[in-house]
Amino acid sequence: MDYYLLHELLSPEQQLIRDSIRGFVKSEIIPVIDQYAQDHQEVPNLMKKLGALGALGPFIPEEYGGAGLDQISYGLIMQELEFGDSAIRSAASVQSSLVMFPIYTFGSEEQKRKYLPKLATGEWIGSFGLTEPNHGSDPAGMETKLTKDGDGYRLSGSKMWITNSPVCDLAVVWARDEEQKVRGVIVERGMEGFSTPETLHKWSLRASRTGELVFDQVFIPQENLLPEVSSMKGPLSCLNSARYGISWGAIGAAVDCYETALRYAKEREQFGKPIASFQLQQKKLAEMATEITKAQLLSWRLGQLKSENRATPAQISMAKRNNVHMALQVAREARQILGAMGIVGDFPIMRHMMNLESVITYEGTHDVHLLITGQDITGINAF
Ligand code: TGC
Ligand code: FAD
């Protein structure tokens, strides 16, 4: 799906990266993903496979185990992974943008050397704890506390709806200290008082594990505190990186739905003709192609701005909101084109549709991103 010949805007290296991830998704994810999603299981050894591909922390410099790639390459990786399934993109984007990014940006030299290379290979799995039971859209209200104790801190509270919490080796967690400053700490599995109960029975992102992070007076040594950040700018900067990646990822899911519906519409006959010959079905397909193309242009331009360090948080909000909503609309229309066939796992559409119901909520809801745009253009905070 490249109606405006956008591949001509990509460098040969970017095209190579896109093709290698596409090859991986076609051979290793598409043949198995429906079964894993149906069984509510993650793809085995996924993180190590993503690490071997260079899909974990692709924008992190090579000296810390990353691939040192530009932002458009990162976006293309997210797009191709989400063509497979949002859970696969989620795994890579949490590790890259929400775990490696804060350690690289706000961590000490020792923290970077200790954690980043193992996160880049997928030997260690990270999670990101910002959302709490009482604070989702309003993370600044967080109740998780960090209190000084000897040569370290005690962490108490809990985080909820955390991607990969049940399988994580470490978590980057945001909490308020005694001066009410927002601090980031690295919590390692095995620390006394730290547990990660799983959230079961999801109808969305079924090939990804979600759970809680519970801290019962966990002792955090001083060396696990991220030294370079002490405000909401810390977690919100991580979200900028992840939301940007999601704007690309959503395109991947939309393209899979669109291409599936187009193929089906040309093959399926009713009233003696392919259903693609009916104007109502052509309208659906033509609108999908138009919206996907607009989303591709939005993310590509945002990637250029981001590579030049000029993308604003509000520009990122606009792209995340637009592209995820677009993908959900495409999935809903595509599902209808397949009729009853649209509801079974033989086709990917219903799975993408259910995944996208999470993607439109996490990393800032559809409403929150609208209000961020509203605040940016009017100068008035509506929160
Ligand atoms: P506000 O008072 O506006 O700002 C507080 C301070 O932060 C600064 N700031 C940002 N800095 C960097 N990037 C951004 N995007 C920033 N947005 C704001 C701001 O300049 C200010 O700095 P200073 O120096 O003046 O203090 O903040 P607020 O508390 O009113 O909240 C604003 C709001 C609602 C936009 C924000 O809190 C928000 O984005 N809420 C949505 C929460 C959210 O997105 N949570 C995501 C959790 S992680 C997740 O979902 C992972 S899913 C992963 C997966 O599986 O793929
Ligand atoms: P709420 O904030 O309670 O919002 C409920 C409704 O109210 C929404 O429709 C919202 O738009 C609306 N609303 C809220 N405030 C306003 C307002 N001011 N004006 C208008 N409407 C408003 N979090 C993490 O920290 N780490 C993770 O790894 C992570 N992974 C996730 C994985 C999954 C599968 C899911 C579903 C969520 C994940 N989250 C994670 C949490 C996610 O970021 C939150 O669900 C999200 O920020 C919304 O918070 P909430 O669910 O508490 O909804």
# chains A, B, ... in the order shown; residues from 1 in each chain; ligands from 1
>>> residues_near_ligand(ligand="ligand 1", cutoff="6 Å", atoms="only C-alpha atoms and all ligand atoms", output="ChimeraX atom specification")
/A:90,93-94,130-131,136-140,163,232-233,236-237,240,313,362-364,372
>>> residues_near_ligand(ligand="ligand 2", cutoff="8 Å", atoms="only C-alpha atoms and all ligand atoms", output="ChimeraX atom specification")
/A:94,127-139,159-165,204-205,208,210,358-359,361-368,371,382-383
>>> write_last_selection(atoms="N, CA, C and O atoms", output="short mmCIF file (atom, residue, chain, number, x, y, z; two decimals), in the first residue's frame")
data_model
loop_
_atom_site.label_atom_id
_atom_site.label_comp_id
_atom_site.auth_asym_id
_atom_site.auth_seq_id
_atom_site.Cartn_x
_atom_site.Cartn_y
_atom_site.Cartn_z
N VAL A 94 7.69 -0.66 23.96
CA VAL A 94 7.89 -0.47 25.40
C VAL A 94 9.39 -0.60 25.72
O VAL A 94 9.98 0.25 26.39
N SER A 127 9.79 -3.18 31.71
CA SER A 127 8.43 -2.63 31.65
C SER A 127 8.48 -1.20 32.19
O SER A 127 9.51 -0.76 32.72
N PHE A 128 7.36 -0.48 32.03
CA PHE A 128 7.31 0.96 32.33
C PHE A 128 6.10 1.22 33.21
O PHE A 128 4.96 0.98 32.79
N GLY A 129 6.33 1.68 34.41
CA GLY A 129 5.22 1.88 35.34
C GLY A 129 4.90 3.35 35.56
O GLY A 129 5.62 4.04 36.30
N LEU A 130 3.84 3.81 34.92
CA LEU A 130 3.36 5.18 35.14
C LEU A 130 1.90 5.14 35.64
O LEU A 130 1.57 5.71 36.67
N THR A 131 1.03 4.42 34.92
CA THR A 131 -0.40 4.38 35.25
C THR A 131 -0.64 3.68 36.59
O THR A 131 -0.01 2.66 36.88
N GLU A 132 -1.56 4.23 37.36
CA GLU A 132 -1.93 3.64 38.65
C GLU A 132 -3.42 3.36 38.68
O GLU A 132 -4.17 3.92 37.85
N PRO A 133 -3.88 2.56 39.64
CA PRO A 133 -5.32 2.27 39.69
C PRO A 133 -6.18 3.55 39.71
O PRO A 133 -7.21 3.61 39.05
N ASN A 134 -5.72 4.60 40.42
CA ASN A 134 -6.52 5.83 40.51
C ASN A 134 -6.06 6.94 39.58
O ASN A 134 -6.60 8.05 39.63
N HIS A 135 -5.02 6.69 38.76
CA HIS A 135 -4.48 7.77 37.91
C HIS A 135 -4.02 7.23 36.57
O HIS A 135 -2.93 6.66 36.46
N GLY A 136 -4.89 7.40 35.55
CA GLY A 136 -4.55 6.97 34.19
C GLY A 136 -4.22 8.17 33.32
O GLY A 136 -3.05 8.48 33.09
N SER A 137 -5.26 8.91 32.90
CA SER A 137 -5.03 10.10 32.07
C SER A 137 -4.32 11.19 32.86
O SER A 137 -3.72 12.09 32.28
N ASP A 138 -4.39 11.11 34.17
CA ASP A 138 -3.82 12.15 35.04
C ASP A 138 -2.65 11.58 35.84
O ASP A 138 -2.71 11.48 37.07
N PRO A 139 -1.56 11.23 35.16
CA PRO A 139 -0.47 10.54 35.88
C PRO A 139 0.21 11.42 36.93
O PRO A 139 0.80 10.89 37.87
N LYS A 159 1.27 0.07 40.38
CA LYS A 159 1.01 0.49 39.00
C LYS A 159 0.12 -0.56 38.36
O LYS A 159 0.20 -1.75 38.69
N MET A 160 -0.70 -0.13 37.41
CA MET A 160 -1.69 -1.04 36.82
C MET A 160 -1.67 -0.94 35.30
O MET A 160 -1.32 0.12 34.77
N TRP A 161 -2.11 -2.00 34.63
CA TRP A 161 -2.17 -2.03 33.16
C TRP A 161 -0.78 -1.92 32.55
O TRP A 161 -0.59 -1.15 31.61
N ILE A 162 0.17 -2.69 33.08
CA ILE A 162 1.55 -2.52 32.63
C ILE A 162 1.96 -3.63 31.65
O ILE A 162 2.00 -4.81 32.01
N THR A 163 2.27 -3.21 30.42
CA THR A 163 2.68 -4.16 29.39
C THR A 163 3.93 -4.91 29.85
O THR A 163 4.90 -4.29 30.29
N ASN A 164 3.88 -6.23 29.72
CA ASN A 164 5.01 -7.13 30.03
C ASN A 164 5.36 -7.20 31.51
O ASN A 164 6.38 -7.79 31.85
N SER A 165 4.51 -6.64 32.40
CA SER A 165 4.90 -6.70 33.82
C SER A 165 5.11 -8.15 34.30
O SER A 165 6.08 -8.42 35.01
N SER A 204 -8.27 -8.02 24.12
CA SER A 204 -7.43 -7.17 23.26
C SER A 204 -5.98 -7.48 23.60
O SER A 204 -5.67 -7.85 24.73
N LEU A 205 -5.10 -7.33 22.62
CA LEU A 205 -3.67 -7.60 22.85
C LEU A 205 -3.48 -8.93 23.57
O LEU A 205 -2.76 -9.01 24.56
N SER A 208 0.00 -10.46 24.21
CA SER A 208 0.90 -9.66 25.04
C SER A 208 0.47 -9.82 26.49
O SER A 208 -0.72 -9.92 26.78
N THR A 210 -0.08 -8.43 30.24
CA THR A 210 -0.33 -7.17 30.93
C THR A 210 -0.50 -7.46 32.41
O THR A 210 -1.05 -8.53 32.75
N SER A 358 -7.26 -1.14 22.43
CA SER A 358 -6.30 -0.77 23.49
C SER A 358 -5.40 0.36 23.03
O SER A 358 -5.11 1.29 23.79
N VAL A 359 -4.96 0.26 21.76
CA VAL A 359 -3.99 1.25 21.28
C VAL A 359 -4.59 2.66 21.30
O VAL A 359 -3.90 3.64 21.56
N THR A 361 -6.53 3.72 23.51
CA THR A 361 -6.62 4.14 24.92
C THR A 361 -5.25 4.34 25.55
O THR A 361 -5.04 5.29 26.31
N TYR A 362 -4.29 3.43 25.24
CA TYR A 362 -3.00 3.60 25.93
C TYR A 362 -2.16 4.66 25.26
O TYR A 362 -2.46 5.13 24.19
N GLU A 363 -1.12 5.07 26.02
CA GLU A 363 -0.23 6.17 25.57
C GLU A 363 -1.03 7.47 25.37
O GLU A 363 -0.72 8.26 24.49
N GLY A 364 -2.07 7.66 26.17
CA GLY A 364 -2.92 8.84 26.05
C GLY A 364 -4.13 8.50 25.22
O GLY A 364 -4.01 8.04 24.08
N THR A 365 -5.32 8.72 25.81
CA THR A 365 -6.55 8.34 25.09
C THR A 365 -6.80 9.30 23.92
O THR A 365 -6.21 10.39 23.84
N HIS A 366 -7.74 8.89 23.07
CA HIS A 366 -8.16 9.71 21.92
C HIS A 366 -8.58 11.11 22.40
O HIS A 366 -8.23 12.12 21.78
N ASP A 367 -9.30 11.16 23.54
CA ASP A 367 -9.76 12.45 24.08
C ASP A 367 -8.58 13.28 24.57
O ASP A 367 -8.51 14.49 24.32
N VAL A 368 -7.66 12.64 25.29
CA VAL A 368 -6.53 13.38 25.85
C VAL A 368 -5.71 14.03 24.73
O VAL A 368 -5.33 15.20 24.82
N LEU A 371 -7.37 17.10 23.43
CA LEU A 371 -7.23 18.24 24.35
C LEU A 371 -5.82 18.82 24.32
O LEU A 371 -5.63 20.02 24.53
N ALA A 382 -7.57 22.75 28.87
CA ALA A 382 -8.93 22.27 29.16
C ALA A 382 -8.94 21.09 30.14
O ALA A 382 -10.01 20.55 30.43
N PHE A 383 -7.76 20.66 30.62
CA PHE A 383 -7.77 19.50 31.53
C PHE A 383 -8.30 19.90 32.91
O PHE A 383 -7.97 20.96 33.40
#
>>> select_by_dssp(residues="region 203-240 of chain A", states="helix (DSSP H, G or I)", output="CSV table (one decimal) with N, CA, C and O atoms, in the first residue's frame")
chain,number,residue,atom,x,y,z
A,222,GLN,N,20.6,3.6,46.0
A,222,GLN,CA,20.8,4.9,45.4
A,222,GLN,C,21.2,4.7,43.9
A,222,GLN,O,20.7,5.5,43.1
A,223,GLU,N,21.9,3.7,43.6
A,223,GLU,CA,22.4,3.6,42.2
A,223,GLU,C,21.3,3.2,41.2
A,223,GLU,O,21.5,3.2,40.0
A,224,ASN,N,20.1,2.9,41.8
A,224,ASN,CA,19.0,2.6,40.8
A,224,ASN,C,18.1,3.8,40.6
A,224,ASN,O,17.0,3.6,39.9
A,233,LYS,N,8.3,15.9,33.3
A,233,LYS,CA,9.0,15.9,32.0
A,233,LYS,C,9.6,14.5,31.7
A,233,LYS,O,9.8,14.1,30.5
A,234,GLY,N,10.1,13.8,32.7
A,234,GLY,CA,10.7,12.5,32.5
A,234,GLY,C,9.8,11.5,31.9
A,234,GLY,O,10.0,11.1,30.7
A,235,PRO,N,8.7,11.1,32.6
A,235,PRO,CA,7.8,10.1,31.9
A,235,PRO,C,7.2,10.6,30.6
A,235,PRO,O,7.0,9.9,29.7
A,236,LEU,N,6.9,11.9,30.6
A,236,LEU,CA,6.2,12.4,29.4
A,236,LEU,C,7.1,12.5,28.2
A,236,LEU,O,6.7,12.3,27.0
A,237,SER,N,8.4,12.6,28.4
A,237,SER,CA,9.4,12.5,27.2
A,237,SER,C,9.4,11.1,26.7
A,237,SER,O,9.5,10.9,25.5
A,238,CYS,N,9.3,10.1,27.6
A,238,CYS,CA,9.3,8.7,27.1
A,238,CYS,C,8.1,8.5,26.2
A,238,CYS,O,8.1,7.9,25.2
A,239,LEU,N,6.9,9.1,26.7
A,239,LEU,CA,5.7,8.9,25.9
A,239,LEU,C,5.8,9.6,24.5
A,239,LEU,O,5.3,9.0,23.6
A,240,ASN,N,6.5,10.7,24.4
A,240,ASN,CA,6.7,11.3,23.1
A,240,ASN,C,7.3,10.3,22.1
A,240,ASN,O,6.8,10.2,21.0
>>> residues_around(residues="region 2-4 of chain A", least_positions_apart="2", cutoff="9 Å", atoms="only C-alpha atoms", output="list in words")
Leu6, His7, Ala289, Thr290, Thr293, Gln296 and Leu297 of chain A
>>> write_last_selection(atoms="N, CA and C atoms", output="short mmCIF file (atom, residue, chain, number, x, y, z; two decimals), in the first residue's frame")
data_model
loop_
_atom_site.label_atom_id
_atom_site.label_comp_id
_atom_site.auth_asym_id
_atom_site.auth_seq_id
_atom_site.Cartn_x
_atom_site.Cartn_y
_atom_site.Cartn_z
N LEU A 6 5.63 6.64 -1.58
CA LEU A 6 6.41 7.15 -0.45
C LEU A 6 7.75 6.46 -0.29
N HIS A 7 7.88 5.25 -0.89
CA HIS A 7 9.17 4.57 -0.76
C HIS A 7 10.29 5.42 -1.38
N ALA A 289 -7.94 3.63 1.47
CA ALA A 289 -6.66 3.93 0.79
C ALA A 289 -6.28 5.40 0.99
N THR A 290 -7.28 6.27 0.94
CA THR A 290 -7.02 7.70 1.12
C THR A 290 -6.53 7.98 2.54
N THR A 293 -3.02 6.69 3.21
CA THR A 293 -2.01 7.53 2.55
C THR A 293 -1.77 8.82 3.33
N GLN A 296 0.30 7.97 6.33
CA GLN A 296 1.71 7.70 5.98
C GLN A 296 2.48 9.02 5.84
N LEU A 297 1.83 10.00 5.19
CA LEU A 297 2.51 11.30 5.00
C LEU A 297 2.73 12.00 6.33
#
>>> atom_distance(atom1="CA of Glu287 (chain A)", atom2="CA of Gln336 (chain A)")
14.0 Å
>>> closest_residue(among="A:Phe24, A:Gly193, A:Ala87, A:Leu370", to="Tyr36 (chain A)", atoms="only C-alpha atoms")
A:Ala87
>>> residues_around(residues="region 314-327 of chain A", least_positions_apart="6", cutoff="6 Å", atoms="only C-alpha atoms", output="JSON, numbers by chain")
{"A": [243, 244, 247, 250, 254, 295, 360, 366, 369, 373]}
>>> closest_atom_pairs(of="region 207-258 of chain A", to="region 277-285 of chain A", cutoff="12 Å", atoms="only C-alpha atoms", output="JSON lines")
{"residue": "A:Ala254", "atom": "CA", "partner": "A:Leu285", "partner_atom": "CA", "distance": 11.7}
{"residue": "A:Val255", "atom": "CA", "partner": "A:Leu285", "partner_atom": "CA", "distance": 11.3}
{"residue": "A:Cys257", "atom": "CA", "partner": "A:Leu285", "partner_atom": "CA", "distance": 10.4}
{"residue": "A:Tyr258", "atom": "CA", "partner": "A:Leu285", "partner_atom": "CA", "distance": 7.2}
>>> select_by_dssp(residues="region 173-244 of chain A", states="strand (DSSP E)", output="compact mmCIF listing (two decimals) with N, CA and C atoms, in the first residue's frame")
# COMPACT_ATOMS: atom_id res chain seq x y z
N VAL A 173 10.13 2.82 36.92
CA VAL A 173 8.92 3.19 37.68
C VAL A 173 9.01 4.64 38.11
N TRP A 174 7.86 5.33 38.01
CA TRP A 174 7.81 6.76 38.35
C TRP A 174 7.06 6.93 39.67
N ALA A 175 7.66 7.72 40.57
CA ALA A 175 7.09 7.89 41.92
C ALA A 175 7.41 9.28 42.44
N ARG A 176 6.65 9.73 43.45
CA ARG A 176 6.93 11.05 44.05
C ARG A 176 7.81 10.88 45.28
N VAL A 182 8.80 14.21 40.95
CA VAL A 182 8.61 12.92 40.26
C VAL A 182 9.98 12.36 39.91
N ARG A 183 10.28 11.17 40.44
CA ARG A 183 11.58 10.53 40.20
C ARG A 183 11.38 9.19 39.50
N GLY A 184 12.37 8.78 38.73
CA GLY A 184 12.35 7.48 38.06
C GLY A 184 13.32 6.53 38.75
N VAL A 185 12.88 5.30 38.99
CA VAL A 185 13.78 4.31 39.59
C VAL A 185 13.74 3.02 38.76
N ILE A 186 14.84 2.29 38.82
CA ILE A 186 14.89 0.99 38.13
C ILE A 186 14.68 -0.09 39.20
N VAL A 187 13.56 -0.81 39.08
CA VAL A 187 13.24 -1.86 40.05
C VAL A 187 13.56 -3.20 39.39
N GLU A 188 14.30 -4.04 40.09
CA GLU A 188 14.71 -5.31 39.49
C GLU A 188 13.92 -6.46 40.09
N PHE A 194 8.61 -6.78 45.85
CA PHE A 194 8.20 -6.42 44.48
C PHE A 194 7.48 -7.61 43.85
N SER A 195 6.22 -7.41 43.41
CA SER A 195 5.50 -8.51 42.73
C SER A 195 4.78 -7.96 41.49
N THR A 210 -0.08 -8.43 30.24
CA THR A 210 -0.33 -7.17 30.93
C THR A 210 -0.50 -7.46 32.41
N GLY A 211 -0.09 -6.55 33.27
CA GLY A 211 -0.28 -6.83 34.69
C GLY A 211 -0.01 -5.61 35.56
N GLU A 212 0.19 -5.90 36.84
CA GLU A 212 0.44 -4.82 37.81
C GLU A 212 1.91 -4.85 38.22
N LEU A 213 2.33 -3.76 38.82
CA LEU A 213 3.64 -3.71 39.50
C LEU A 213 3.29 -3.29 40.93
N VAL A 214 3.57 -4.16 41.90
CA VAL A 214 3.19 -3.85 43.28
C VAL A 214 4.46 -3.71 44.12
N PHE A 215 4.53 -2.62 44.87
CA PHE A 215 5.73 -2.33 45.67
C PHE A 215 5.35 -2.23 47.13
N ASP A 216 5.81 -3.22 47.91
CA ASP A 216 5.53 -3.24 49.34
C ASP A 216 6.82 -2.88 50.06
N GLN A 217 7.03 -1.58 50.22
CA GLN A 217 8.25 -1.09 50.91
C GLN A 217 9.51 -1.69 50.28
N VAL A 218 9.60 -1.63 48.95
CA VAL A 218 10.77 -2.21 48.26
C VAL A 218 11.99 -1.30 48.49
N PHE A 219 13.12 -1.90 48.91
CA PHE A 219 14.33 -1.09 49.08
C PHE A 219 15.00 -0.87 47.71
N ILE A 220 15.21 0.42 47.38
CA ILE A 220 15.83 0.78 46.10
C ILE A 220 17.18 1.41 46.40
N PRO A 221 18.29 0.76 46.02
CA PRO A 221 19.59 1.40 46.29
C PRO A 221 19.75 2.69 45.50
>>> residues_around(residues="Val344 (chain A)", least_positions_apart="6", cutoff="12 Å", atoms="only C-alpha atoms", output="list of chain:residue names")
A:Asp34, A:Gln35, A:Gln38, A:Arg335, A:Leu338, A:Met350, A:Arg351, A:His352
>>> atom_distance(atom1="CA of Ala207 (chain A)", atom2="CA of Ile33 (chain A)")
7.5 Å
>>> residues_around(residues="Arg206 (chain A)", least_positions_apart="6", cutoff="7 Å", atoms="only C-alpha atoms", output="ChimeraX atom specification")
/A:37,40-41
>>> write_last_selection(atoms="all heavy atoms", output="PDB file, in the first residue's frame")
ATOM      1  N   ALA A  37      -2.686 -15.547  19.850  1.00  0.00           N
ATOM      2  CA  ALA A  37      -3.680 -14.589  20.355  1.00  0.00           C
ATOM      3  C   ALA A  37      -4.905 -15.334  20.888  1.00  0.00           C
ATOM      4  O   ALA A  37      -5.427 -15.022  21.960  1.00  0.00           O
ATOM      5  CB  ALA A  37      -4.067 -13.605  19.255  1.00  0.00           C
ATOM      6  N   HIS A  40      -4.192 -16.684  24.221  1.00  0.00           N
ATOM      7  CA  HIS A  40      -3.777 -15.684  25.209  1.00  0.00           C
ATOM      8  C   HIS A  40      -2.342 -15.941  25.664  1.00  0.00           C
ATOM      9  O   HIS A  40      -2.021 -15.941  26.845  1.00  0.00           O
ATOM     10  CB  HIS A  40      -4.727 -15.722  26.410  1.00  0.00           C
ATOM     11  CG  HIS A  40      -4.913 -14.392  27.082  1.00  0.00           C
ATOM     12  ND1 HIS A  40      -3.905 -13.461  27.218  1.00  0.00           N
ATOM     13  CD2 HIS A  40      -6.005 -13.826  27.669  1.00  0.00           C
ATOM     14  CE1 HIS A  40      -4.378 -12.404  27.865  1.00  0.00           C
ATOM     15  NE2 HIS A  40      -5.644 -12.584  28.142  1.00  0.00           N
ATOM     16  N   GLN A  41      -1.458 -16.191  24.698  1.00  0.00           N
ATOM     17  CA  GLN A  41      -0.045 -16.483  24.975  1.00  0.00           C
ATOM     18  C   GLN A  41       0.827 -15.561  24.143  1.00  0.00           C
ATOM     19  O   GLN A  41       0.461 -15.244  23.017  1.00  0.00           O
ATOM     20  CB  GLN A  41       0.296 -17.924  24.550  1.00  0.00           C
ATOM     21  CG  GLN A  41      -0.386 -19.006  25.345  1.00  0.00           C
ATOM     22  CD  GLN A  41       0.183 -19.110  26.749  1.00  0.00           C
ATOM     23  OE1 GLN A  41       1.374 -18.910  26.956  1.00  0.00           O
ATOM     24  NE2 GLN A  41      -0.688 -19.372  27.717  1.00  0.00           N
TER      25      GLN A  41
END
>>> atom_distance(atom1="CA of Arg268 (chain A)", atom2="CA of Leu5 (chain A)")
28.6 Å
>>> residues_around(residues="Arg113 (chain A)", least_positions_apart="5", cutoff="10 Å", atoms="only C-alpha atoms", output="number ranges by chain")
A: 63-65, 103-104, 107-108, 118
>>> closest_residue(among="A:Ile77, A:Ile246, A:Ala286, A:Leu53", to="Gln14 (chain A)", atoms="only C-alpha atoms")
A:Ile77
